[in-house]
Structure formats: C-alpha cells, structure tokens
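Undergrad: Dumping the structure here so I can ask a few things about it.
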Protein chains: 2
Amino acid sequence: MRQLQLVAFGEPSEVIELNTVSEPLLGQDDVLVSMEAAPINPSDFLLVRGMYGVRPAFPFSVGAEGVGRVTQTGSKVDVALQGKRVLILPTLEQGTWADQVVVPVRNLVPMSDEADPLQLSMIGINPVTAYLLLNRYVSLMPGDWIGQTAANSAMGQYIIALAKLAGVKTLNVVRREDAAEQVRQWGGDRVVQQGDNLHKDIEEALNGKKLSLVLDNVGGTPVGELAKSLKTGGSTVVYAVLSGQFPAISPKDLIYRDLSLHGFWLMNWIRNAPRTEIQEIYQKLGDLVADGSLYAAMEHVYPLEQFKEAFTRSLRSHRGGKILFQFGAH
Amino acid sequence: MRQLQLVAFGEPSEVIELNTVSEPLLGQDDVLVSMEAAPINPSDFLLVRGMYGVRPAFPFSVGAEGVGRVTQTGSKVDVALQGKRVLILPTLEQGTWADQVVVPVRNLVPMSDEADPLQLSMIGINPVTAYLLLNRYVSLMPGDWIGQTAANSAMGQYIIALAKLAGVKTLNVVRREDAAEQVRQWGGDRVVQQGDNLHKDIEEALNGKKLSLVLDNVGGTPVGELAKSLKTGGSTVVYAVLSGQFPAISPKDLIYRDLSLHGFWLMNWIRNAPRTEIQEIYQKLGDLVADGSLYAAMEHVYPLEQFKEAFTRSLRSHRGGKILFQFGAH
C-alpha cells in the first residue's frame with residue numbers, strides 16, 4: 001500500500017514522499033480502510049512546516065481526515081462493518097493520504113452510502129469546527145447576528161451554511177470584491193469589504209443590530225473592528241491566526257463590555273470530548289452533507305501520485321475551492 | 001450637607017469642588033445615610049479624567065463606595081433600618097464622598113456594627129471584584145494554583161486572602177523587591193520579581209505545577225508570561241489595563257491550548273446580577289472583614305475638606321496602602 005510520508009519539516013513538495021509500505025498486521029480493535037477521498041487542509045501544511053500544535057516523529061503518515069470503506073476487520077471488531085463507508089476522525093493517529101489505512105475502530109464514524117464521498121471526506125475538520133464555534137461559546141437564537149473574517153474560506157462557507165440552518169444571520173468580512181460576490185452567493189446576509197473605514201462599514205451593514213459572536217481565523221485588526229460591534233458579554237473565538245498577529249481587540253472594550261476571547265483547536269475537543277458526543281456530532285454533519293445542506297466548493301481533485309501538483313495548487317492564494325485526493329476504483 | 005462634585009473632566013484637584021448643597025427630599029424608597037468612611041480608588045480617577053466606562057453629566061457627585069449609618073427612611077422603607085450601618089453599593093447613582101447621601105434602599109446592604117468601618121467601606125469594589133474573579137471563570141479546587149500581576153496592589157492583597165481561604169495557591173508577580181517582601185508578608189505562596197527571564201522564573205517557582213487562572217490589571221507582557229504556564233483550557237481575566245497595552249498572550253498558546261481571555265468590569269455585574277446574589281456576596285464579604293479574614297493595608301485617612309491632600313497622596317506611585325475619607329463623629 002502507498003502512503004504520503006513526511007520525512008522532515010519544510011516545504012511540502014520537498015519533505016513529503018510517496019512510499020510503498022508493506023501491509024501492516026491488524027490489531028484486534030483495528031480496521032483496514034480503503035480510502036475514497038481525503039482533502040488537503042491549511043493545517044496539514046502547518047504540521048508539515050513544523051508550525052502546528054503537534055510536532056510528529058519521522059517518518060509520519062500525513063493527511064488528517066477522509067472517508068473510505070472498511071475492507072478488513074480485527075478479531076474484536078463487529079464484522080458488520082465490512083464494506084461500510086466510514087469517516088476517519090482527525091486524531092493524527094493515522095495518515096489519510098494513502099491507498100489504505102489501518103485505523104482503531106474507535107476513530108471511525110459510519111457514514112451514508114448515498115452522499116458524495118468527496119463532500120463527506122471534508123467534514124472531519126472544517127464543518128465540525130464551524131459547528132463547535134457556533135455552539136460552544138454563546139447560546140445563539142434565531143435572528144441573532146454573528147460576524148466572521150475571511151468569510152470566503154472553506155470554513156467561512158460552512159459557518160454561513162450552519163448559521164443559516166439555525167436561523168442565525170451572518171456579517172462577513174472579506175478582502176476582495178470577487179470574494180464578496182462569492183460569499184453573497186453562499187447566502188451571507190451582509191458582506192463588508194475591508195477598507196479604511198471597516199468599523200463604520202460594519203456598523204452600517206448591521207443597521208443598529210449587535211453581534212453575539214465573532215469568529216476569526218486571521219488575527220490583527222479586522223477581528224478587533226468586528227469586536228467593537230459585539231453585545232456586552234459577547235465572545236470572540238479565534239481558530240487560526242493566519243496573519244500571525246494577535247487579535248487586536250481594544251482592552252477597554254474587553255473590560256467595560258465584558259467581552260471574552262477564546263482560542264479553539266479541534267484536537268483538544270477530539271482528545272477530551274466524550275466519544276459518544278463526537279460520534280453524534282459527526283453523524284449529524286454527515287446527514288447534512290447527504291441532504292445537500294452542507295457543501296464546500298471544490299477546485300480540483302488529484303490522484304495520490306500527483307501530490308506535488310496538488311500541493312502547488314493548494315498553496316495558491318486565489319483558489320475557488322478545496323483541493324482533494326480521490327482514490328481510484330478499488 | 002457637603003459633597004465633592006466633579007465639574008469637568010481633568011486632573012482630580014482641579015475639577016473636583018467641595019460644595020454645600022441643600023438637603024434633598026427623600027423619595028418613598030430612599031434612605032438618608034450619614035457617611036462613616038469612603039475610600040479613594042484608581043477607578044475614581046479614571047472616571048474623573050473621562051477615561052472610565054461611564055462618562056457622567058456635570059455636576060456629578062463623586063465617590064463610588066463607602067459605609068455609613070441610616071439617619072432617615074422614606075415612607076416605604078422599613079423603619080428598623082434607622083441607625084443601622086449600611087454599605088452603599090457601587091452603582092455610581094450616588095457619590096459617597098459626602099457627609100450625607102440619599103440612597104435608594106435597594107442599593108444598600110446592612111453591615112455588622114462590630115467591624116472596622118474603614119475596612120468595611122472598602123468591600124464594595126475590590127473584595128467583591130477579587131471574589132468574582134476567583135469564582136466566575138474556572139472552578140478552583142483546594143491546591144490549585146493561580147497567578148496574578150501587580151500583586152502588591154490592594155486588589156492583590158484581597159486576591160491572596162480570598163484564595164488562601166479557599167485553599168488555593170498564589171503565584172504573584174511584582175516589579176520591585178520591597179513589593180515582593182510586602183506580598184510575602186500577606187501570605188503569597190510564591191513571589192516572582194519581573195526581570196529578563198520572567199517565564200523561566202515563573203516556571204521555577206511553580207516547580208512543575210500549572211496555573212488554572214491568571215488575573216491581570218496591567219496588560220502587556222507579564223500576563224502573557226503567566227499565561228504560558230496555564231493549563232490547557234485555562235483562563236486569563238483582565239480587570240484593568242494600567243499599562244494601556246493589550247495582554248500579550250501568544251496567539252498559538254491561545255489556540256493550541258484552548259485558552260480564554262475575559263474582561264471583567266464590576267459595573268456590569270452590579271447592573272445585571274440578581275439583587276439577592278449581590279446582597280448575599282456582600283454580606284459574606286462583610287462577615288470576612290468582621291472576623292479579620294479580609295483586610296486591606298491603609299496608608300492614611302483624611303477628612304473630606306482635605307480632599308486635595310488626599311488626592312495628591314492617592315496619586316503617588318509608591319504607597320503602602322489605601323487612602324480613605326473618614327467622616328467626623330455624628
């Protein structure tokens with residue numbers, strides 16, 4: 001079986017190799033999964049460059065999430081799983097950029113046969129992060145407003161979709177006009193383009209409403225401008241800091257309006273949440289993909305052997321959607 | 001009756017006047033309180049300079065907290081309150097730097113006759129803030145560690161005292177050696193002086209333990225160094241930003257260790273908490289003052305007419321304790 005292995009920290013195309021490894025023995029609680037699809041995420045590249053919250057030992061099998069079908073089961077695993085489609089939880093215990101993967105059965109969630117495996121392969125990280133960002137920090141009611149930065153990202157699209165399903169309105173900040181158009185098409189309720197008067201433009205777009213929650217993956221000033229429009233007691237959650245700058249929220253706003261700022265990293269939830277809660281949330285998200293409610297724009301799919309092309313395309317700044325590995329007919 | 005009135009924003013001695021006003025009529029739910037003692041707090045000066053979360057109209061009766069005795073009661077107020085010692089809640093609805101104050105009865109909490117009125121007069125703001133900082137954000141268990149900046153402040157002393165009563169250990173950051181000595185005398189478990197290796201010194205003092213909570217009133221880098229020693233999921237609460245700089249917590253720490261940063265302003269609690277909860281907490285704190293468990297260092301007391309001397313002394317950077325107004329024998 002072939003897998004992409006990280007052999008050092010550095011530029012993805014230089015430190016990742018496609019290696020053929022012998023099929024490992026299945027432990028009694030393990031399952032062999034024949035992969036169908038696995039996306040490339042920004043966090044994969046952070047890990048590859050040694051800038052992620054986890055620094056693995058080499059060689060390390062890369063790829064954090066994906067779906068496939070069970071082809072073999074260990075002696076203690078229910079044989080009824082054979083042939084079933086499963087989601088591999090992003091525990092970083094197994095690399096999904098591989099033809100076949102050995103996975104402890106506790107890291108699998110059964111998924112629908114009806115849904116598009118490419119869309120399903122992407123729910124392990126982004127949609128579950130979007131779901132938790134919307135549900136863990138404040139209690140949102142239909143009609144409440146949330147704000148987000150980098151709204152034209154894959155995360156932004158999921159946040160808009162999940163907010164819409166809950167009747168929550170979104171104020172979306174983007175940097176470019178084509179991104180604004182994209183976000184409007186996704187159903188963003190208000191779209192504001194970053195300019196010299198960002199706070200004023202946000203206030204105008206909100207027309208007297210206040211934000212209950214601000215979600216940020218950029219850091220720096222835009223999130224601070226959004227935070228000025230938070231209700232007293234409102235929360236900002238930061239799930240990435242692409243600019244490398246701390247979220248520039250005014251200390252006075254923080255104190256006098258009882259604001260809070262939270263960091264969110266999915267790995268901490270995967271490690272600490274009860275496994276039943278994890279399974280339940282992923283199944284709910286899988287159902288939303290199956291009925292078409294959740295969808296991420298895709299730009300291109302590649303076979304595993306074209307990983308260098310896939311990486312190059314993933315690293316372009318102006319993409320129209322996600323890049324994924326799709327695995328051949330097995 | 002005489003009261004200190006703010007007539008413009010600016011330097012305290014220049015914009016505050018001692019004026020004699022005619023005794024106002026009591027509303028049916030009001031009480032007349034003859035003041036015994038009222039402290040001067042840093043937040044009073046923020047308000048006087050127009051830098052506080054509230055900007056009042058002029059003339060404004062200054063002084064946010066204090067204790068006194070009820071001398072008259074409105075028609076709907078229980079006459080049993082007559083002669084009783086009461087704490088005036090810091091709602092900013094009445095100025096306590098005055099011989100006598102008219103207060104709605106809902107803004108009063110009965111206090112013990114046994115306790116020192118000077119000590120009691122200071123529980124309205126600092127001890128209740130310390131109590132809420134320790135109880136609202138994380139669930140502390142005996143043996144847990146917390147960290148704080150500016151530990152030699154009046155707030156620092158109350159935090160140490162309340163933590164001690166709950167069996168919680170304190171790591172205290174100070175800037176000067178004499179402050180370190182002061183904090184040790186107050187019972188701070190570990191004291192670290194700010195220097196070039198603050199994080200290393202903190203880690204050494206903790207000897208492998210992690211902090212559950214960091215409390216900060218300075219902003220800038222010291223709080224960020226403390227936050228590096230927080231447990232995953234730990235909280236930092238900022239209740240003032242004396243440096244004017246945003247708390248410099250690393251964005252990576254924030255995200256990968258699920259940290260949170262909260263602003264706290266007592267006014268928001270006073271405005272929004274159920275009045276029964278507010279009364280209960282102040283009574284508890286009053287009891288702790290009465291039995292000697294809670295105590296703030298005092299440097300000097302002044303009569304009201306010496307307010308300019310009192311302000312000058314309050315604004316000195318190296319003080320040994322609080323400055324208060326004490327009112328004559330009534």
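By convention in this document, the chains of the structure tokens carry letters A, B, ... by their order, each chain's residues are numbered from 1, and ligands are numbered from 1 in the order they are shown.
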Within 6 Å of stretch 54-70 of chain A, counting only C-alpha atoms, which residues show up once you throw out same-chain ones fewer than 5 positions away? Write them as a list of chain:residue names, please.
TA: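 Answer for this query is A:Leu4, A:Gln5, A:Leu6, A:Val7, A:Leu32, A:Val33, A:Ser34, A:Met35, A:Glu36, A:Ala37, A:Ala38, A:Gln82, A:Gly83, A:Lys84, A:Arg85, A:Val86, A:Leu87, A:Ile88, A:Pro90, A:Leu92, A:Gly95, A:Thr96, A:Trp97, A:Ser121, A:Gly124.
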Undergrad: Find the residues of chain A in contact range of chain B, meaning any atom within 10 Å when counting only C-alpha atoms, and list them as JSON, numbers by chain.
TA: {"A": [51, 52, 53, 54, 219, 232, 233, 235, 236, 237, 238, 239, 240, 241, 244, 245, 246, 247, 248, 249, 250, 251, 252, 253, 254, 255, 256, 257, 258, 259, 260, 261, 262, 263, 264, 265, 266, 267, 268, 269]}
Undergrad: Quick one, how far is atom CA of A:Ala179 from atom CA of A:Ser243?
TA: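 Atom-to-atom, atom CA of A:Ala179 to atom CA of A:Ser243, that is 18.0 Å.
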Undergrad: Near A:Ala180, counting only C-alpha atoms, which residues have an atom at most 8 Å away, once you skip same-chain residues fewer than 5 positions from it, shown as a list in words?
TA: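 Residues near the query, excluding close chain neighbours: Asn152, Val174, Arg175, Val191, Val192 and Gln193 of chain A.
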Undergrad: With only C-alpha atoms as the counted atoms, please give the residues lying no more than 12 Å from stretch 274-277 of chain A, apart from itself and same-chain residues fewer than 4 positions off, as a PyMOL selection string.
TA: chain A and resi 89+105-109+128+132+268-270+281-284
Undergrad: For the selection just defined, write its residues with N, CA and C atoms to a file, as a PDB file, in the first residue's frame.
TA:
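Output (part_14.pdb):
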```
ATOM      1  N   LEU A  89     -11.717   9.890  11.981  1.00  0.00           N
ATOM      2  CA  LEU A  89     -11.614  11.078  12.840  1.00  0.00           C
ATOM      3  C   LEU A  89     -10.208  11.670  12.771  1.00  0.00           C
ATOM      4  N   VAL A 105     -10.888   1.099  15.603  1.00  0.00           N
ATOM      5  CA  VAL A 105     -12.313   1.255  15.289  1.00  0.00           C
ATOM      6  C   VAL A 105     -12.919   2.446  16.042  1.00  0.00           C
ATOM      7  N   ARG A 106     -12.341   2.818  17.178  1.00  0.00           N
ATOM      8  CA  ARG A 106     -12.889   3.953  17.931  1.00  0.00           C
ATOM      9  C   ARG A 106     -12.688   5.293  17.214  1.00  0.00           C
ATOM     10  N   ASN A 107     -11.808   5.306  16.224  1.00  0.00           N
ATOM     11  CA  ASN A 107     -11.579   6.541  15.459  1.00  0.00           C
ATOM     12  C   ASN A 107     -12.408   6.598  14.179  1.00  0.00           C
ATOM     13  N   LEU A 108     -13.433   5.744  14.061  1.00  0.00           N
ATOM     14  CA  LEU A 108     -14.271   5.723  12.857  1.00  0.00           C
ATOM     15  C   LEU A 108     -15.701   6.113  13.189  1.00  0.00           C
ATOM     16  N   VAL A 109     -16.348   6.778  12.234  1.00  0.00           N
ATOM     17  CA  VAL A 109     -17.786   7.043  12.341  1.00  0.00           C
ATOM     18  C   VAL A 109     -18.433   6.574  11.039  1.00  0.00           C
ATOM     19  N   VAL A 128     -17.059  20.408  11.476  1.00  0.00           N
ATOM     20  CA  VAL A 128     -17.195  20.168  12.912  1.00  0.00           C
ATOM     21  C   VAL A 128     -16.640  21.361  13.687  1.00  0.00           C
ATOM     22  N   LEU A 132     -18.855  23.599  16.229  1.00  0.00           N
ATOM     23  CA  LEU A 132     -18.466  23.843  17.630  1.00  0.00           C
ATOM     24  C   LEU A 132     -18.288  25.336  17.897  1.00  0.00           C
ATOM     25  N   ASN A 268      -8.018  19.537  20.683  1.00  0.00           N
ATOM     26  CA  ASN A 268      -8.350  19.484  22.113  1.00  0.00           C
ATOM     27  C   ASN A 268      -9.745  18.900  22.333  1.00  0.00           C
ATOM     28  N   TRP A 269     -10.652  19.217  21.413  1.00  0.00           N
ATOM     29  CA  TRP A 269     -12.001  18.652  21.539  1.00  0.00           C
ATOM     30  C   TRP A 269     -11.979  17.154  21.244  1.00  0.00           C
ATOM     31  N   ILE A 270     -11.284  16.783  20.169  1.00  0.00           N
ATOM     32  CA  ILE A 270     -11.196  15.353  19.803  1.00  0.00           C
ATOM     33  C   ILE A 270     -10.587  14.544  20.961  1.00  0.00           C
ATOM     34  N   ILE A 281     -22.134  14.165  16.823  1.00  0.00           N
ATOM     35  CA  ILE A 281     -21.993  15.401  16.050  1.00  0.00           C
ATOM     36  C   ILE A 281     -21.564  15.091  14.615  1.00  0.00           C
ATOM     37  N   TYR A 282     -20.626  14.139  14.440  1.00  0.00           N
ATOM     38  CA  TYR A 282     -20.208  13.805  13.079  1.00  0.00           C
ATOM     39  C   TYR A 282     -21.344  13.165  12.284  1.00  0.00           C
ATOM     40  N   GLN A 283     -22.163  12.357  12.958  1.00  0.00           N
ATOM     41  CA  GLN A 283     -23.276  11.741  12.229  1.00  0.00           C
ATOM     42  C   GLN A 283     -24.275  12.801  11.768  1.00  0.00           C
ATOM     43  N   LYS A 284     -24.530  13.784  12.665  1.00  0.00           N
ATOM     44  CA  LYS A 284     -25.430  14.885  12.310  1.00  0.00           C
ATOM     45  C   LYS A 284     -24.881  15.644  11.086  1.00  0.00           C
TER      46      LYS A 284
END
```
Undergrad: Write down as a PyMOL selection string the residues of stretch 28-145 of chain B whose backbone DSSP state falls under strand (DSSP E).
TA: chain B and resi 30-39+60-61+66-73+85-88+100-104+108-110+145
